[in-house]
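Presented below is the structure to which this report refers.
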Amino acid sequence: MYKKILVATDGSDYTKKATNHAIELAKLSGAELHAIYVIDTRYGCGPESCILTDTSSERLKSILGCQGDTAIKYIEKLANKEGIHTERWIVEGNPAEEIVRLAEELSVDLIVMGTLGSSGIPRFLLGSVADKVIRTSRIPVLTVRK
């Protein structure tokens, strides 16, 4: 059924359950597995917008890149145990837009991602990467709650 699956991670516990689902689906269907981590650059990192004001934007990107590498290595480790090779993607930009862009570029059959399961005012105020991917993707999206 699936030939290519893209799993999105931010390295949090919320994405670990989604990772397990993506790996199991890839194993059952013999699909390629691709993992994406997006360094969120939407808000910039100037002194007026970055919490860590004493950290340069390049240093912050480096730190986030290391977090992305760790998050994807976690996926690779689990997938390798199941005999599944993982293609890795660490990109910069708006997370929802980059997930959808890569999914379309790779012609994946399914996007798998975790969700915080937030609702009400927090969801209204902050939005959700998963919500934005669901609303903008022409590719099916499987969201997995923690």
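Labels used: A, B, ... for chains in the order of the structure tokens, numbers from 1 for residues in each chain, and numbers from 1 for ligands as shown.
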
Contacts of range 1-13 of chain A within 6 Å, only C-alpha atoms, excl. fewer than 3 positions in-chain, as a list in words: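 Here the qualifying residues turn out to be Lys16, Ser29, Ala31, Glu32, Leu33, His34, Ala35, Ile36, Tyr37, Ala71, Val108, Asp109, Leu110, Ile111, Val112 and Met113 of chain A.
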
Which of chain A fall in helix (DSSP H, G or I), as a ChimeraX atom specification: /A:13-29,57-81,95-106,120-126,129-136

CA of Ser107 in chain A to CA of Ser62 in chain A, distance in Å rounded to a single decimal: 29.0 Å

Chain A: residues DSSP assigns to strand (DSSP E), reported as a PyMOL selection string: chain A and resi 4-8+32-40+86-93+110-115+141-145

Selected residue of minimal separation from Ala96 in chain A among A:Thr143, A:Ser56, A:Thr41, A:Thr136, counting only C-alpha atoms: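 Checking each of A:Thr143, A:Ser56, A:Thr41, A:Thr136 against Ala96 in chain A, counting only C-alpha atoms, the winner is A:Thr136.
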
Within 12 Å of Glu76 in chain A using only C-alpha atoms, minus same-chain residues under 2 positions, as a list in words: Val7, Thr9, Thr19, Asn20, Ala22, Ile23, Leu33, His34, Ala35, Ile36, Asp69, Thr70, Ala71, Ile72, Lys73, Tyr74, Leu78, Ala79, Asn80, Lys81, Glu82, Gly83, Ile84, His85, Thr86, Glu87, Arg88 and Trp89 of chain A

Separation of CA of Lys146 in chain A from CA of Val133 in chain A, in Å and rounded to one decimal: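 Interatomic distance, CA of Lys146 in chain A to CA of Val133 in chain A: 17.8 Å.
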